[in-house]
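Text of input_5.csv, listed as CSV, C-alpha atoms:
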```
chain,number,residue,atom,x,y,z
A,154,MET,CA,21.4,28.5,-27.5
A,155,VAL,CA,18.4,29.6,-25.5
A,156,HIS,CA,14.9,30.5,-26.6
A,157,GLY,CA,14.5,34.2,-25.8
A,158,THR,CA,15.3,37.8,-26.8
A,159,ALA,CA,18.3,39.8,-25.7
A,160,ILE,CA,18.5,43.6,-25.5
A,161,ALA,CA,21.2,45.8,-24.1
A,162,ALA,CA,22.0,49.3,-22.9
A,163,GLY,CA,25.3,50.6,-21.6
A,164,GLY,CA,27.0,47.3,-22.4
A,165,GLU,CA,24.6,45.3,-20.1
A,166,ALA,CA,22.2,42.8,-21.6
A,167,VAL,CA,18.8,41.5,-20.5
A,168,LEU,CA,17.6,38.1,-21.5
A,169,LEU,CA,13.8,38.1,-22.0
A,170,ARG,CA,12.4,34.6,-21.5
A,171,GLY,CA,8.9,33.0,-21.7
A,172,PRO,CA,6.8,30.7,-23.9
A,173,SER,CA,6.1,31.5,-27.5
A,174,GLY,CA,3.6,34.3,-27.9
A,175,CYS,CA,4.1,35.7,-24.4
A,176,GLY,CA,5.5,39.1,-25.6
A,177,LYS,CA,9.3,38.8,-25.7
A,178,SER,CA,9.7,40.5,-29.1
A,179,ASP,CA,6.9,43.0,-28.4
A,180,LEU,CA,8.5,44.1,-25.1
A,181,ALA,CA,11.9,44.3,-26.8
A,182,LEU,CA,10.5,46.5,-29.5
A,183,ARG,CA,8.9,48.8,-26.9
A,184,VAL,CA,12.1,49.0,-24.9
A,185,LEU,CA,14.1,49.9,-28.1
A,186,GLY,CA,11.8,52.9,-28.4
A,187,LEU,CA,12.7,54.3,-25.0
A,188,THR,CA,14.8,57.5,-25.1
A,189,ASP,CA,18.3,57.4,-23.8
A,190,ARG,CA,17.3,59.5,-20.7
A,191,CYS,CA,15.7,56.3,-19.3
A,192,PHE,CA,19.1,54.7,-18.9
A,193,ALA,CA,21.7,57.2,-17.9
A,194,GLY,CA,22.5,58.3,-21.5
A,195,SER,CA,22.6,54.9,-23.1
A,196,SER,CA,20.0,53.8,-25.7
A,197,PHE,CA,18.8,50.2,-25.8
A,198,ALA,CA,19.7,48.0,-28.8
A,199,LEU,CA,18.7,44.6,-29.9
A,200,VAL,CA,21.2,41.8,-29.4
A,201,ALA,CA,19.1,38.8,-30.6
A,202,ASP,CA,15.5,37.9,-31.1
A,203,ASP,CA,13.9,34.4,-30.8
A,204,GLN,CA,17.2,32.6,-30.3
A,205,VAL,CA,20.1,33.8,-28.2
A,206,VAL,CA,23.6,32.3,-28.0
A,207,VAL,CA,24.9,32.5,-24.4
A,208,ARG,CA,28.6,31.9,-23.7
A,209,ARG,CA,30.5,31.8,-20.5
A,210,SER,CA,33.9,33.4,-20.2
A,211,GLY,CA,35.4,33.3,-16.7
A,212,GLY,CA,32.8,34.8,-14.3
A,213,GLU,CA,30.7,36.5,-17.0
A,214,LEU,CA,28.1,35.5,-19.6
A,215,SER,CA,27.9,37.0,-23.0
A,216,VAL,CA,24.9,37.0,-25.3
A,217,MET,CA,25.0,37.2,-29.1
A,218,PRO,CA,22.7,36.5,-32.0
A,219,PRO,CA,23.0,33.3,-34.1
A,220,PRO,CA,24.3,34.3,-37.5
A,221,ALA,CA,21.0,33.5,-39.4
A,222,LEU,CA,19.0,35.9,-37.1
A,223,GLU,CA,21.5,38.7,-36.7
A,224,GLY,CA,19.9,42.1,-36.8
A,225,LEU,CA,16.3,40.8,-37.2
A,226,ILE,CA,13.3,41.1,-35.0
A,227,GLU,CA,9.8,39.6,-35.4
A,228,VAL,CA,7.1,42.3,-35.3
A,229,ARG,CA,3.7,40.7,-35.1
A,230,GLY,CA,1.6,41.9,-38.0
A,231,LEU,CA,4.5,43.3,-39.9
A,232,GLY,CA,6.9,40.3,-40.3
A,233,ILE,CA,10.6,39.8,-39.6
A,234,LEU,CA,12.3,43.2,-40.0
A,235,PRO,CA,15.9,44.4,-39.8
A,236,VAL,CA,16.9,46.7,-36.9
A,237,ALA,CA,20.1,48.1,-35.5
A,238,HIS,CA,21.8,45.6,-33.2
A,239,LEU,CA,24.8,44.8,-31.1
A,240,ALA,CA,27.0,41.8,-31.9
A,241,ARG,CA,27.6,41.0,-28.2
A,242,ALA,CA,26.8,42.2,-24.7
A,243,THR,CA,27.4,41.1,-21.1
A,244,LEU,CA,24.4,39.4,-19.6
A,245,THR,CA,23.5,40.9,-16.3
A,246,LEU,CA,19.7,40.3,-15.8
A,247,ILE,CA,17.2,37.6,-16.7
A,248,VAL,CA,13.6,38.7,-17.2
A,249,GLU,CA,10.9,36.1,-17.0
A,250,LEU,CA,7.6,37.2,-18.6
A,251,SER,CA,4.6,36.2,-16.5
A,252,ASP,CA,1.0,36.9,-15.9
A,253,ARG,CA,0.4,39.8,-13.7
A,254,GLN,CA,-1.3,37.7,-11.0
A,255,ASN,CA,1.9,35.6,-10.6
A,256,LEU,CA,4.1,38.6,-9.8
A,257,ASP,CA,5.6,39.5,-6.4
A,258,ARG,CA,4.9,43.2,-5.4
A,259,LEU,CA,8.1,43.4,-3.4
A,260,PRO,CA,10.5,40.5,-4.0
A,261,ASP,CA,12.3,39.7,-0.7
A,262,PRO,CA,14.8,38.2,-1.0
A,263,TRP,CA,15.4,39.1,-4.6
A,264,PRO,CA,15.3,35.9,-6.8
A,265,PHE,CA,18.4,34.7,-8.6
A,266,GLU,CA,18.9,32.0,-11.2
A,267,SER,CA,21.9,30.1,-12.4
A,268,LEU,CA,22.8,30.0,-16.1
A,269,LEU,CA,25.9,28.1,-17.1
A,270,GLY,CA,27.0,28.2,-13.5
A,271,ILE,CA,26.7,32.0,-13.1
A,272,SER,CA,24.1,33.4,-10.7
A,273,LEU,CA,22.0,36.3,-12.2
A,274,PRO,CA,19.2,38.3,-10.8
A,275,LEU,CA,15.7,37.3,-12.0
A,276,LEU,CA,13.0,39.9,-12.6
A,277,ARG,CA,9.4,38.8,-13.3
A,278,ILE,CA,7.2,41.2,-15.2
A,279,ALA,CA,4.0,41.2,-17.2
A,280,ALA,CA,5.2,41.9,-20.8
A,281,PHE,CA,2.0,43.6,-22.0
A,282,GLU,CA,1.7,46.1,-19.1
A,283,ALA,CA,2.1,49.7,-20.3
A,284,SER,CA,4.9,50.2,-17.7
A,285,ALA,CA,6.9,47.0,-18.6
A,286,PRO,CA,9.5,48.8,-20.7
A,287,LEU,CA,10.2,51.4,-18.0
A,288,LYS,CA,10.3,48.7,-15.2
A,289,LEU,CA,12.9,46.8,-17.2
A,290,ALA,CA,15.0,50.0,-17.8
A,291,LEU,CA,14.7,51.0,-14.1
A,292,ALA,CA,15.7,47.5,-13.0
A,293,LEU,CA,18.8,47.5,-15.2
A,294,SER,CA,19.9,51.0,-14.2
A,295,GLN,CA,19.1,50.9,-10.5
A,296,LYS,CA,19.9,47.2,-9.8
A,297,PRO,CA,17.5,46.8,-6.8
A,298,TRP,CA,18.8,43.3,-6.1
A,299,GLN,CA,22.0,44.9,-4.9
A,300,ARG,CA,20.3,46.8,-2.1
A,301,SER,CA,20.5,45.4,1.3
A,302,SER,CA,17.4,47.1,2.6
A,303,PRO,CA,14.5,49.0,1.0
```
Please, can you express the file's structure as structure tokens?
Amino acid sequence: MVHGTAIAAGGEAVLLRGPSGCGKSDLALRVLGLTDRCFAGSSFALVADDQVVVRRSGGELSVMPPPALEGLIEVRGLGILPVAHLARATLTLIVELSDRQNLDRLPDPWPFESLLGISLPLLRIAAFEASAPLKLALALSQKPWQRSSP
């Protein structure tokens, strides 16, 4: 169980991490509102908000909601509300929410982090920037960490 929020598109999940109040649920909500054209025909869906179950199976990690929080997202000012969700997705990217001044303009080399013994790319973004949802969608669809050169 990890503290965070997981969203997914095209079967690939993103784990949003950061301290309480840093914008995990807010960013997830804004990403859920993106149209499917932002990610090659796949819409984003919530997997889990606030707490995420992470399980390793072979060389992959899966994320899923704990039963008590399944299909629920915290919307500051509105409360905890039901939304469409996925029961499980394959984790392919960790997103660490940070202050804008702590972000690399051009990460080189791309950072990775190990979770349950699996190395995953690590993207750092500022959750409350207007472009944050699109940055996340672009990262997941274009996988810049796989490029050998700019």
Distance query Leu293 (chain A) at most 12 Å, all atoms listed in the file, self and fewer than 3 positions along chain excluded, as a compact mmCIF listing (two decimals) with C-alpha atoms, in the coordinates of the input:
```
# COMPACT_ATOMS: atom_id res chain seq x y z
CA ILE A 160 18.50 43.60 -25.50
CA ALA A 161 21.20 45.80 -24.10
CA ALA A 162 22.00 49.30 -22.90
CA GLY A 163 25.30 50.60 -21.60
CA GLY A 164 27.00 47.30 -22.40
CA GLU A 165 24.60 45.30 -20.10
CA ALA A 166 22.20 42.80 -21.60
CA VAL A 167 18.80 41.50 -20.50
CA LEU A 168 17.60 38.10 -21.50
CA VAL A 184 12.10 49.00 -24.90
CA CYS A 191 15.70 56.30 -19.30
CA PHE A 192 19.10 54.70 -18.90
CA ALA A 193 21.70 57.20 -17.90
CA SER A 195 22.60 54.90 -23.10
CA PHE A 197 18.80 50.20 -25.80
CA LEU A 244 24.40 39.40 -19.60
CA THR A 245 23.50 40.90 -16.30
CA LEU A 246 19.70 40.30 -15.80
CA ILE A 247 17.20 37.60 -16.70
CA VAL A 248 13.60 38.70 -17.20
CA PRO A 274 19.20 38.30 -10.80
CA LEU A 275 15.70 37.30 -12.00
CA LEU A 276 13.00 39.90 -12.60
CA PRO A 286 9.50 48.80 -20.70
CA LEU A 287 10.20 51.40 -18.00
CA LYS A 288 10.30 48.70 -15.20
CA LEU A 289 12.90 46.80 -17.20
CA ALA A 290 15.00 50.00 -17.80
CA LYS A 296 19.90 47.20 -9.80
CA PRO A 297 17.50 46.80 -6.80
CA TRP A 298 18.80 43.30 -6.10
CA GLN A 299 22.00 44.90 -4.90
```
- Message: List as an NGL selection string the protein and nucleic acid residues near region 249-263 of chain A, meaning an atom at most 10 Å away when all atoms listed in the file are counted, but skip any in the same chain fewer than 2 places from it.
- Response: :A and (157 or 168-172 or 175-177 or 180 or 246-247 or 265 or 274-282 or 285 or 297-303)
- Work out how far apart CA of Leu199 (chain A) and CA of Gly212 (chain A) are and give it in Å to one decimal. 23.2 Å
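Here CA of Ile233 (chain A) stands at a distance of 10.0 Å from CA of Asp202 (chain A).
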- Message: Give me, as a PyMOL selection string, all polymer residues having an atom no more than 9 Å from Ile271 (chain A), counting all atoms listed in the file and skipping those fewer than 2 positions away in the same chain.
- Response: chain A and resi 209+212-214+266-269+273
- Task: Select, from A:Val207, A:Leu234, A:Leu222, A:Ala159, the residue with the minimum atom-to-atom distance to Gly270 (chain A), counting all atoms listed in the file.
- Result: A:Val207
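Considering all atoms listed in the file, the residue among A:Val206, A:Ala181, A:Met217, A:Leu187 positioned nearest to Met154 (chain A) is A:Val206.
Taking CA of Leu231 (chain A) as the reference point, CA of Leu291 (chain A) is found at 28.8 Å.
Remark: for Gln204 (chain A), the closest of the candidate residues A:Ala283, A:Gly186, A:Ile226, A:Ser294 is A:Ile226 (distances computed over all atoms listed in the file).
Considering all atoms listed in the file, the residue among A:Pro264, A:Pro219, A:Gly224, A:Gly211 positioned nearest to His238 (chain A) is A:Gly224.
Considering all atoms listed in the file, the residue among A:Ser215, A:Ser173, A:Thr243, A:Thr158 positioned nearest to Asp203 (chain A) is A:Thr158.
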Taking N, CA and C atoms as the atom set, what does region 267-287 of chain A look like once completed, written as a tab-separated table (two decimals), in the frame of the given file?
```tsv
chain	number	residue	atom	x	y	z
A	267	SER	N	20.64	30.46	-11.81
A	267	SER	CA	21.90	30.10	-12.40
A	267	SER	C	21.81	29.74	-13.83
A	268	LEU	N	22.70	30.30	-14.63
A	268	LEU	CA	22.80	30.00	-16.10
A	268	LEU	C	24.22	29.74	-16.39
A	269	LEU	N	24.50	28.54	-16.86
A	269	LEU	CA	25.90	28.10	-17.10
A	269	LEU	C	26.78	28.31	-15.94
A	270	GLY	N	26.21	28.10	-14.74
A	270	GLY	CA	27.00	28.20	-13.50
A	270	GLY	C	27.19	29.59	-12.97
A	271	ILE	N	26.58	30.60	-13.59
A	271	ILE	CA	26.70	32.00	-13.10
A	271	ILE	C	25.32	32.40	-12.57
A	272	SER	N	25.31	32.96	-11.37
A	272	SER	CA	24.10	33.40	-10.70
A	272	SER	C	23.72	34.81	-11.21
A	273	LEU	N	22.50	34.96	-11.73
A	273	LEU	CA	22.00	36.30	-12.20
A	273	LEU	C	20.69	36.61	-11.57
A	274	PRO	N	20.45	37.93	-11.35
A	274	PRO	CA	19.20	38.30	-10.80
A	274	PRO	C	18.04	38.01	-11.80
A	275	LEU	N	16.88	37.67	-11.24
A	275	LEU	CA	15.70	37.30	-12.00
A	275	LEU	C	14.56	38.24	-11.73
A	276	LEU	N	14.14	38.96	-12.75
A	276	LEU	CA	13.00	39.90	-12.60
A	276	LEU	C	11.82	39.26	-13.33
A	277	ARG	N	10.68	39.26	-12.67
A	277	ARG	CA	9.40	38.80	-13.30
A	277	ARG	C	8.54	39.97	-13.56
A	278	ILE	N	8.13	40.14	-14.82
A	278	ILE	CA	7.20	41.20	-15.20
A	278	ILE	C	6.18	40.71	-16.16
A	279	ALA	N	5.09	41.45	-16.26
A	279	ALA	CA	4.00	41.20	-17.20
A	279	ALA	C	4.36	41.95	-18.50
A	280	ALA	N	4.65	41.27	-19.58
A	280	ALA	CA	5.20	41.90	-20.80
A	280	ALA	C	4.25	42.95	-21.38
A	281	PHE	N	2.93	42.75	-21.27
A	281	PHE	CA	2.00	43.60	-22.00
A	281	PHE	C	1.51	44.80	-21.10
A	282	GLU	N	2.01	44.93	-19.86
A	282	GLU	CA	1.70	46.10	-19.10
A	282	GLU	C	2.31	47.32	-19.71
A	283	ALA	N	1.61	48.45	-19.67
A	283	ALA	CA	2.10	49.70	-20.30
A	283	ALA	C	3.48	50.07	-19.65
A	284	SER	N	3.66	49.79	-18.37
A	284	SER	CA	4.90	50.20	-17.70
A	284	SER	C	6.03	49.20	-17.82
A	285	ALA	N	5.83	48.07	-18.47
A	285	ALA	CA	6.90	47.00	-18.60
A	285	ALA	C	8.20	47.53	-19.11
A	286	PRO	N	8.23	48.33	-20.19
A	286	PRO	CA	9.50	48.80	-20.70
A	286	PRO	C	10.27	49.65	-19.66
A	287	LEU	N	9.54	50.51	-18.96
A	287	LEU	CA	10.20	51.40	-18.00
A	287	LEU	C	10.63	50.55	-16.75
```
